[in-house]
Amino acid sequence: MTIHCIAVDDEPVALEMIAAYVAKTPFLQLVSKCSSAMTAMTVLNEHPEVQLVFLDIKMADLNGLEFAAMVDQGDNRRSVRIVFTTAFDRYALEGHKLAALDYLLKPFSFADFTRAANRALEYFSLLEQDSQPQYLHVYSNYQLIRIDMAQILYVESMSDYIKIFLESQPKPVITLMTLKVAEQKLPTSHFIRLHRSFIVAIDKVTAVTKTSVQVGRAAIPVSEPYREAFGNFMKSWRQPGS
């Protein structure tokens, strides 16, 4: 999965360091660098996809603790979680009271940052698993069929129909549905479109080349319009434990 984040710090050097650390972390995507909490609040309002804030505490006007208290940190898919970054350890207790995911004491290393980022990844992965539908319901052969998404290997387009290939049976399920609609129904944390005619289950990929991925017995081609998505997939697929 990809976690969209922002960095908030009134010190330019610290802000650039966090941005560099984010760039080195495959599952993080930096939406904005903010030099004040007020700017960060505007960014959050304009970018609802932001899930994680790396937040300095000691800032002018609105400090990090005040900002965190204003932000929704509830356990839902639209919530924003905080990782505090500060040079003052006396704020640690207050940070924990605000249910921060982690607390990084400056100066912190990339290893320290990675630990906090991995904690965020674990949190959002579990949250997404809890909120994701487990089944896909389709009509096939005049029946409404419930398909366990965990059994899906890949989906292939046939114009206005799709073929859904499953681990549990040799023949695919054929249903009247476009691949675009199927893409909207399948969670992006578990499925990826790498070709105009194919969607694959990320955790079913067993091998990759520059032009294809292996899923079960099928070699699924990667087409040029989806090259960027394939590159992002490769970064996470290479990670230990992925």
# chains A, B, ... in the order shown; residues from 1 in each chain; ligands from 1
$ residues_around --residues "segment 23-37 of chain A" --least-positions-apart "4" --cutoff "7 Å" --atoms "only C-alpha atoms" --output "JSON, numbers by chain"
{"A": [1, 2, 3, 4, 5, 6, 7, 8, 9, 10, 15, 19, 41, 62, 63, 64, 67, 235, 236]}
$ write_last_selection --atoms "N, CA and C atoms" --output "compact mmCIF listing (two decimals), in the first residue's frame"
# COMPACT_ATOMS: atom_id res chain seq x y z
N MET A 1 0.84 -1.19 0.00
CA MET A 1 0.00 0.00 0.00
C MET A 1 0.88 1.24 0.00
N THR A 2 0.29 2.38 -0.36
CA THR A 2 0.99 3.66 -0.35
C THR A 2 0.35 4.56 0.70
N ILE A 3 1.20 5.14 1.56
CA ILE A 3 0.73 6.06 2.59
C ILE A 3 1.07 7.48 2.15
N HIS A 4 0.06 8.31 1.98
CA HIS A 4 0.27 9.71 1.61
C HIS A 4 0.54 10.52 2.87
N CYS A 5 1.60 11.31 2.84
CA CYS A 5 2.02 12.01 4.04
C CYS A 5 2.42 13.45 3.74
N ILE A 6 2.52 14.24 4.79
CA ILE A 6 3.08 15.58 4.70
C ILE A 6 4.12 15.73 5.80
N ALA A 7 5.06 16.65 5.60
CA ALA A 7 6.07 16.97 6.60
C ALA A 7 5.85 18.42 7.04
N VAL A 8 5.87 18.65 8.35
CA VAL A 8 5.61 19.98 8.89
C VAL A 8 6.74 20.36 9.84
N ASP A 9 7.49 21.40 9.47
CA ASP A 9 8.60 21.85 10.30
C ASP A 9 8.99 23.26 9.87
N ASP A 10 9.25 24.14 10.83
CA ASP A 10 9.63 25.51 10.47
C ASP A 10 11.13 25.66 10.26
N LEU A 15 13.13 20.02 7.51
CA LEU A 15 12.07 19.72 6.55
C LEU A 15 12.63 18.95 5.35
N ALA A 19 11.91 15.06 4.02
CA ALA A 19 11.54 14.83 2.63
C ALA A 19 12.46 13.81 1.97
N MET A 41 -2.57 22.72 7.83
CA MET A 41 -4.02 22.59 7.97
C MET A 41 -4.71 22.83 6.63
N LEU A 62 0.95 28.45 15.63
CA LEU A 62 0.27 27.22 16.07
C LEU A 62 1.32 26.12 16.21
N ASN A 63 1.54 25.62 17.45
CA ASN A 63 2.57 24.60 17.61
C ASN A 63 2.02 23.21 17.27
N GLY A 64 2.92 22.24 17.24
CA GLY A 64 2.54 20.90 16.81
C GLY A 64 1.51 20.23 17.70
N PHE A 67 -1.83 21.76 16.93
CA PHE A 67 -2.26 21.26 15.62
C PHE A 67 -2.81 19.84 15.74
N LYS A 235 9.00 -1.60 -6.46
CA LYS A 235 9.69 -1.09 -5.28
C LYS A 235 9.20 -1.80 -4.02
N SER A 236 7.89 -1.95 -3.89
CA SER A 236 7.34 -2.59 -2.70
C SER A 236 7.49 -4.10 -2.75
$ select_by_dssp --residues "segment 18-193 of chain A" --states "strand (DSSP E or B)" --output "ChimeraX atom specification"
/A:28-34,52-56,81-86,102-105,135-140,143-148,152-158,161-166,173-176,191-193
$ closest_residue --among "A:Thr175, A:Ser223, A:Asn45, A:Gln51" --to "Arg196 of chain A" --atoms "only C-alpha atoms"
A:Ser223
$ closest_atom_pairs --of "segment 113-177 of chain A" --to "segment 82-87 of chain A" --cutoff "9 Å" --atoms "only C-alpha atoms" --output "tab-separated table"
residue	atom	partner	partner_atom	distance
A:Ala116	CA	A:Val83	CA	7.4
A:Ala117	CA	A:Val83	CA	8.7
A:Ala120	CA	A:Val83	CA	8.6
$ closest_residue --among "A:Leu153, A:Ile220, A:Val80, A:Val205" --to "Phe54 of chain A" --atoms "only C-alpha atoms"
A:Val80
$ closest_residue --among "A:Leu126, A:Glu49, A:Gln184, A:Pro107" --to "Val13 of chain A" --atoms "only C-alpha atoms"
A:Pro107
$ atom_distance --atom1 "atom CA of Asn232 of chain A" --atom2 "atom CA of Ile192 of chain A"
10.5 Å
$ select_by_dssp --residues "segment 14-112 of chain A" --states "alpha helix (DSSP H)" --output "PyMOL selection string"
chain A and resi 14-23+37-46+64-70+92-97+110-112
$ write_last_selection --atoms "N, CA and C atoms" --output "mmCIF file, in the first residue's frame"
data_model
loop_
_atom_site.group_PDB
_atom_site.id
_atom_site.type_symbol
_atom_site.label_atom_id
_atom_site.label_comp_id
_atom_site.auth_asym_id
_atom_site.auth_seq_id
_atom_site.Cartn_x
_atom_site.Cartn_y
_atom_site.Cartn_z
ATOM 1 N N ALA A 14 15.605 20.628 8.615
ATOM 2 C CA ALA A 14 14.849 19.479 9.133
ATOM 3 C C ALA A 14 13.774 19.047 8.148
ATOM 4 N N LEU A 15 13.131 20.016 7.515
ATOM 5 C CA LEU A 15 12.072 19.719 6.547
ATOM 6 C C LEU A 15 12.633 18.954 5.351
ATOM 7 N N GLU A 16 13.781 19.385 4.852
ATOM 8 C CA GLU A 16 14.401 18.713 3.707
ATOM 9 C C GLU A 16 14.890 17.314 4.074
ATOM 10 N N MET A 17 15.360 17.144 5.316
ATOM 11 C CA MET A 17 15.814 15.827 5.748
ATOM 12 C C MET A 17 14.648 14.839 5.766
ATOM 13 N N ILE A 18 13.517 15.261 6.299
ATOM 14 C CA ILE A 18 12.344 14.381 6.317
ATOM 15 C C ILE A 18 11.907 14.054 4.900
ATOM 16 N N ALA A 19 11.914 15.056 4.024
ATOM 17 C CA ALA A 19 11.537 14.828 2.625
ATOM 18 C C ALA A 19 12.461 13.806 1.973
ATOM 19 N N ALA A 20 13.756 13.892 2.284
ATOM 20 C CA ALA A 20 14.718 12.932 1.729
ATOM 21 C C ALA A 20 14.467 11.528 2.270
ATOM 22 N N TYR A 21 14.154 11.424 3.556
ATOM 23 C CA TYR A 21 13.853 10.117 4.150
ATOM 24 C C TYR A 21 12.584 9.513 3.539
ATOM 25 N N VAL A 22 11.576 10.350 3.327
ATOM 26 C CA VAL A 22 10.338 9.869 2.705
ATOM 27 C C VAL A 22 10.622 9.341 1.304
ATOM 28 N N ALA A 23 11.455 10.068 0.557
ATOM 29 C CA ALA A 23 11.783 9.665 -0.817
ATOM 30 C C ALA A 23 12.480 8.312 -0.857
ATOM 31 N N ALA A 37 2.259 25.079 10.800
ATOM 32 C CA ALA A 37 1.083 24.246 11.057
ATOM 33 C C ALA A 37 -0.145 24.794 10.339
ATOM 34 N N MET A 38 -0.224 26.110 10.186
ATOM 35 C CA MET A 38 -1.360 26.706 9.484
ATOM 36 C C MET A 38 -1.370 26.286 8.016
ATOM 37 N N THR A 39 -0.192 26.261 7.406
ATOM 38 C CA THR A 39 -0.092 25.784 6.024
ATOM 39 C C THR A 39 -0.496 24.321 5.939
ATOM 40 N N ALA A 40 -0.056 23.540 6.921
ATOM 41 C CA ALA A 40 -0.390 22.110 6.938
ATOM 42 C C ALA A 40 -1.892 21.895 7.043
ATOM 43 N N MET A 41 -2.571 22.718 7.828
ATOM 44 C CA MET A 41 -4.018 22.587 7.966
ATOM 45 C C MET A 41 -4.710 22.833 6.629
ATOM 46 N N THR A 42 -4.208 23.808 5.881
ATOM 47 C CA THR A 42 -4.757 24.082 4.548
ATOM 48 C C THR A 42 -4.534 22.900 3.617
ATOM 49 N N VAL A 43 -3.337 22.329 3.677
ATOM 50 C CA VAL A 43 -3.015 21.174 2.831
ATOM 51 C C VAL A 43 -3.930 19.998 3.154
ATOM 52 N N LEU A 44 -4.167 19.748 4.432
ATOM 53 C CA LEU A 44 -5.054 18.643 4.822
ATOM 54 C C LEU A 44 -6.471 18.851 4.285
ATOM 55 N N ASN A 45 -6.929 20.085 4.311
ATOM 56 C CA ASN A 45 -8.271 20.373 3.798
ATOM 57 C C ASN A 45 -8.351 20.177 2.290
ATOM 58 N N GLU A 46 -7.241 20.454 1.601
ATOM 59 C CA GLU A 46 -7.220 20.343 0.137
ATOM 60 C C GLU A 46 -6.870 18.941 -0.340
ATOM 61 N N GLY A 64 2.916 22.237 17.242
ATOM 62 C CA GLY A 64 2.538 20.900 16.809
ATOM 63 C C GLY A 64 1.508 20.229 17.697
ATOM 64 N N LEU A 65 1.610 20.457 19.006
ATOM 65 C CA LEU A 65 0.645 19.849 19.926
ATOM 66 C C LEU A 65 -0.754 20.426 19.715
ATOM 67 N N GLU A 66 -0.821 21.729 19.507
ATOM 68 C CA GLU A 66 -2.116 22.369 19.248
ATOM 69 C C GLU A 66 -2.702 21.882 17.924
ATOM 70 N N PHE A 67 -1.828 21.760 16.929
ATOM 71 C CA PHE A 67 -2.258 21.264 15.618
ATOM 72 C C PHE A 67 -2.809 19.844 15.735
ATOM 73 N N ALA A 68 -2.071 18.986 16.450
ATOM 74 C CA ALA A 68 -2.480 17.581 16.590
ATOM 75 C C ALA A 68 -3.827 17.465 17.287
ATOM 76 N N ALA A 69 -4.071 18.328 18.261
ATOM 77 C CA ALA A 69 -5.341 18.287 18.983
ATOM 78 C C ALA A 69 -6.518 18.676 18.087
ATOM 79 N N MET A 70 -6.226 19.437 17.031
ATOM 80 C CA MET A 70 -7.277 19.882 16.114
ATOM 81 C C MET A 70 -7.571 18.872 15.011
ATOM 82 N N ALA A 92 7.405 14.416 25.078
ATOM 83 C CA ALA A 92 7.050 13.023 24.765
ATOM 84 C C ALA A 92 5.729 12.604 25.416
ATOM 85 N N LEU A 93 5.559 12.946 26.696
ATOM 86 C CA LEU A 93 4.342 12.539 27.403
ATOM 87 C C LEU A 93 3.103 13.168 26.771
ATOM 88 N N GLU A 94 3.206 14.466 26.446
ATOM 89 C CA GLU A 94 2.061 15.136 25.818
ATOM 90 C C GLU A 94 1.761 14.531 24.450
ATOM 91 N N GLY A 95 2.820 14.143 23.735
ATOM 92 C CA GLY A 95 2.632 13.508 22.436
ATOM 93 C C GLY A 95 1.892 12.192 22.549
ATOM 94 N N HIS A 96 2.240 11.418 23.545
ATOM 95 C CA HIS A 96 1.568 10.129 23.747
ATOM 96 C C HIS A 96 0.112 10.324 24.182
ATOM 97 N N LYS A 97 -0.155 11.390 24.926
ATOM 98 C CA LYS A 97 -1.533 11.675 25.322
ATOM 99 C C LYS A 97 -2.408 11.952 24.103
ATOM 100 N N PHE A 110 18.048 7.724 9.682
ATOM 101 C CA PHE A 110 17.109 7.098 8.752
ATOM 102 C C PHE A 110 16.558 5.807 9.346
ATOM 103 N N ALA A 111 17.383 5.110 10.143
ATOM 104 C CA ALA A 111 16.913 3.882 10.804
ATOM 105 C C ALA A 111 15.780 4.201 11.778
ATOM 106 N N ASP A 112 15.923 5.295 12.534
ATOM 107 C CA ASP A 112 14.853 5.715 13.447
ATOM 108 C C ASP A 112 13.586 6.064 12.665
#
$ residues_around --residues "Tyr139 of chain A" --least-positions-apart "5" --cutoff "8 Å" --atoms "only C-alpha atoms" --output "ChimeraX atom specification"
/A:144-145,175-176
